[in-house]
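Peer 1: Dumping the structure here so I can ask a few things about it.
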Amino acid sequence: MFKNIAVQIAQSLLITSLFSSSMVLAFSDIETHWANNCINQMKPRKLVTGYPDGSFRPNGNITRAEFAVLMLNAFPNAAVKREGTTFNDVPTNYWAYRAIGDAYKRGFFSGYPGGLFQPNQPIPRVQAVAVLAGAMNYSIPNNPSNTLRQYFTDGAQVPQYGVNAIASAAVNTLVVNYPNIKQLRPNERATRGEVAALMCRALNIYAVPPQYIAGVEVQPQEVRALPGGLNNIPTFNSNYPELVEKDGILLSSFTPENKIVSSAHLNFPFQGRFDIFTHHIARAETQDQTRPLYQGLIVQNPTDKTVTVDILQAASYLATPDAPFIPLADIADNTNGNIYSGPGSRTMGDVLRGIRNEDFPAQIILAPGESKILMNKAIPIKQAPASNGRSTLIHLQSNGKVYIANLAMKAPRNSNGNFRPPTLAEWQALLIEGELAQPRNLTPTPLSPPQEPTVFGRVAGVSQGTEWLAQITDSPESDFLRIPAPGQAFSYVIGTVHLITLSTGQIQSANMLARYPDTAYFAHSNYGVEYNLTLPLKNTTPQPQTVTVSLQTPLKDEGGTDRLLFLNPQSNQIFFRGTVRLSYEDDKGQKQTRYVHLVQRRGQPGEPLVTLKLPPGVQREVNLDLVYPPDSTPPQVLTVRTITP
């Protein structure tokens, strides 16, 4: 693309502009080009430029040197991965000399034998895709050659050096093929329009026609924002750092007064209803590192009156041995609560049922100024190298102010040398003297204006909202939800976050009432939040209709509310695993309540959870209730479909 943007490298232009294409002059020759929307959206971001005559020439070629410039402008913050090198065919006075050197150091490009870069060579499609896939750090599928056969009729033409990269790009919906979605044409020269489309996919600019994205199936239907909203109940929300390697304070709502590290304490007292959610991992690379990591929850009464804290529901499970990640059916009856995969799945399922685990007391009574241990549990690892994690969710009610702290400590030893749980005094000493637990993760990216790539970060603070309650009707004035026309469907979004709203613009992430500066700005994904959704479905047609209700996991997409995107072939990436509760009146008029465990992969449509036959004029209510589980990835949608007779 684009010799006249070479001078912009030094400016490290970050892709933050959100100007609409109407604010800049459109290129004169792309109106009928299949990638015109993408090209127009890249122009105000200063990622593409045209020619003096106002054209873009989308069918022209792009050289390796030009692509190196484009990569540096698109990924200005990419880390340097290796020392520089000198290419024999790139003299110091070559217009893209510096860009080629920087692109090599960041691992975007390698050279050819004999110390050559071939800067003026038109870049083939296989190289353009492979360079982008490498910049995105995609994981390689288990069987790359088989993946290529699944996605492309000409996958066997991919050179051996590109097999892994192209397979990973295909699985991650980076590859764009026009006009035939199944033809990769790997060894043909990449056009300027094709490169623009690839770059849009890499940068989450949702402007490529989805019918040309390899592996994507388009489902035309309406996508709607979810009615209702979060309540105002606060949650002590601790998920940072997820991987804990050193003793320290994971999250403290205590006052900073009389604490050695005052910045580790958020000074947020809880009173009335509140929740505690925690999710942390320990890892041991060697056997010497298998000393158990303990997680302690401490509650203190800072007042001069006795305070009673009721534990309403509570569950806490380890990945090993309590809830290992095991393969499960996509949908399974979970009446007895013994179907789960992972600690998040099991923990949220118990709380959904109103369970309080036996090792949690029903009540804690705190004298004035008194502290007590609410939870003191290990995250053990028996054999290295391995990891283990613990998920915890507690619903509480306090009749007075209390402070909460979540702390991490390597197990102390008894006099005989055996490991033991920390005492209350040891936890209190850590609370007073300790620093924030390590290692700290990447600092989140500011969300206004949006940036790509975006680091959402993990949560450590107090989030606002424990339940999303929604009565889903045609309008606020209506008391029913009109079913779709036969053969049609509509969906309501669940779990949307910044930049991932399925074009609804609705961000469901809970606000943070208090947080550490290096942690997430919002409680993305709303882990531990209960979604209680009621659909009073009504058949307003003169004919009987069959209606299904499903939970689905479509692809991330901001291209319009008239479609959902799914994957074919199916992905192996699990994006949701957890239990939902369904309550409804069946076709015989009997009230049914079912618990169903779901496993859904990225881009999976999902099977119907409920199928109802509605006579003309009949209304039946369906309620879906779930506690959004950790280890899940948004978005999901709740879909109502009327089956064609």
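The way I read the labels, and the way they are meant: chains A, B, ... in the order of the structure tokens, residue 1 as the first residue of every chain, and ligand 1 as the first ligand shown, with later ones counted on from there.
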Using only C-alpha atoms, I'd like a table of the residues in region 64-112 of chain A that come within 10 Å of region 26-46 of chain A; for each, show the closest atom pair and its distance in Å rounded to one decimal, ordered by chain and ascending number, as a Markdown table.
Peer 2:
```
| residue | atom | partner | partner_atom | distance |
| --- | --- | --- | --- | --- |
| A:Leu70 | CA | A:Lys46 | CA | 9.9 |
| A:Asn73 | CA | A:Lys46 | CA | 8.3 |
| A:Ala74 | CA | A:Lys46 | CA | 9.3 |
```
Peer 1: From a backbone DSSP assignment, name each residue in region 420-594 of chain A labelled helix (DSSP H, G or I), as a ChimeraX atom specification.
Peer 2: /A:424-433,524-526
Peer 1: Save out the residues we just selected, N, CA and C atoms, as a short mmCIF file (atom, residue, chain, number, x, y, z; two decimals), in the first residue's frame.
Peer 2:
```cif
data_model
loop_
_atom_site.label_atom_id
_atom_site.label_comp_id
_atom_site.auth_asym_id
_atom_site.auth_seq_id
_atom_site.Cartn_x
_atom_site.Cartn_y
_atom_site.Cartn_z
N LEU A 424 -5.52 -16.82 61.86
CA LEU A 424 -6.08 -15.48 61.74
C LEU A 424 -5.02 -14.42 62.01
N ALA A 425 -4.16 -14.65 63.00
CA ALA A 425 -3.11 -13.67 63.31
C ALA A 425 -2.16 -13.52 62.13
N GLU A 426 -1.83 -14.60 61.45
CA GLU A 426 -0.93 -14.52 60.29
C GLU A 426 -1.60 -13.79 59.13
N TRP A 427 -2.88 -14.06 58.93
CA TRP A 427 -3.60 -13.33 57.88
C TRP A 427 -3.67 -11.84 58.21
N GLN A 428 -3.90 -11.50 59.46
CA GLN A 428 -3.98 -10.09 59.84
C GLN A 428 -2.64 -9.39 59.69
N ALA A 429 -1.56 -10.09 59.99
CA ALA A 429 -0.24 -9.50 59.80
C ALA A 429 0.02 -9.20 58.33
N LEU A 430 -0.38 -10.15 57.45
CA LEU A 430 -0.21 -9.93 56.01
C LEU A 430 -1.06 -8.76 55.55
N LEU A 431 -2.27 -8.65 56.07
CA LEU A 431 -3.16 -7.56 55.71
C LEU A 431 -2.55 -6.21 56.08
N ILE A 432 -1.92 -6.12 57.23
CA ILE A 432 -1.36 -4.85 57.70
C ILE A 432 -0.03 -4.53 57.02
N GLU A 433 0.80 -5.54 56.82
CA GLU A 433 2.16 -5.31 56.34
C GLU A 433 2.36 -5.60 54.86
N HIS A 524 -15.87 -6.82 33.27
CA HIS A 524 -16.15 -7.42 31.98
C HIS A 524 -16.64 -8.86 32.15
N SER A 525 -17.66 -9.22 31.39
CA SER A 525 -18.28 -10.54 31.36
C SER A 525 -19.21 -10.80 32.53
N ASN A 526 -19.15 -9.96 33.57
CA ASN A 526 -20.08 -10.11 34.71
C ASN A 526 -20.03 -11.51 35.30
#
```
Peer 1: Compile a residue-level contact table for region 128-239 of chain A against region 259-275 of chain A at a cut-off of 9 Å, reporting for every qualifying residue the shortest atom pair and its distance in Å to one decimal, with only C-alpha atoms counted, rows ordered by chain and ascending number, as CSV.
Peer 2:
```
residue,atom,partner,partner_atom,distance
A:Ile233,CA,A:Phe274,CA,5.7
A:Pro234,CA,A:Phe274,CA,5.3
A:Thr235,CA,A:Asp275,CA,4.6
A:Phe236,CA,A:Asp275,CA,6.1
A:Asn237,CA,A:Asp275,CA,8.2
```
Peer 1: Pull the strand (DSSP E) assignments for region 382-542 of chain A out of DSSP run on the backbone, and list those residues as a VMD selection string.
Peer 2: chain A and resid 386 to 410 460 to 464 467 to 471 481 to 482 489 to 494 510 to 515 522 to 523 530 to 538
Peer 1: A:Phe360, A:Tyr206, A:Tyr212, A:Phe277: which is nearest Tyr240 (chain A), counting only C-alpha atoms?
Peer 2: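 Using only C-alpha atoms, the shortest distance to Tyr240 (chain A) belongs to A:Phe277.
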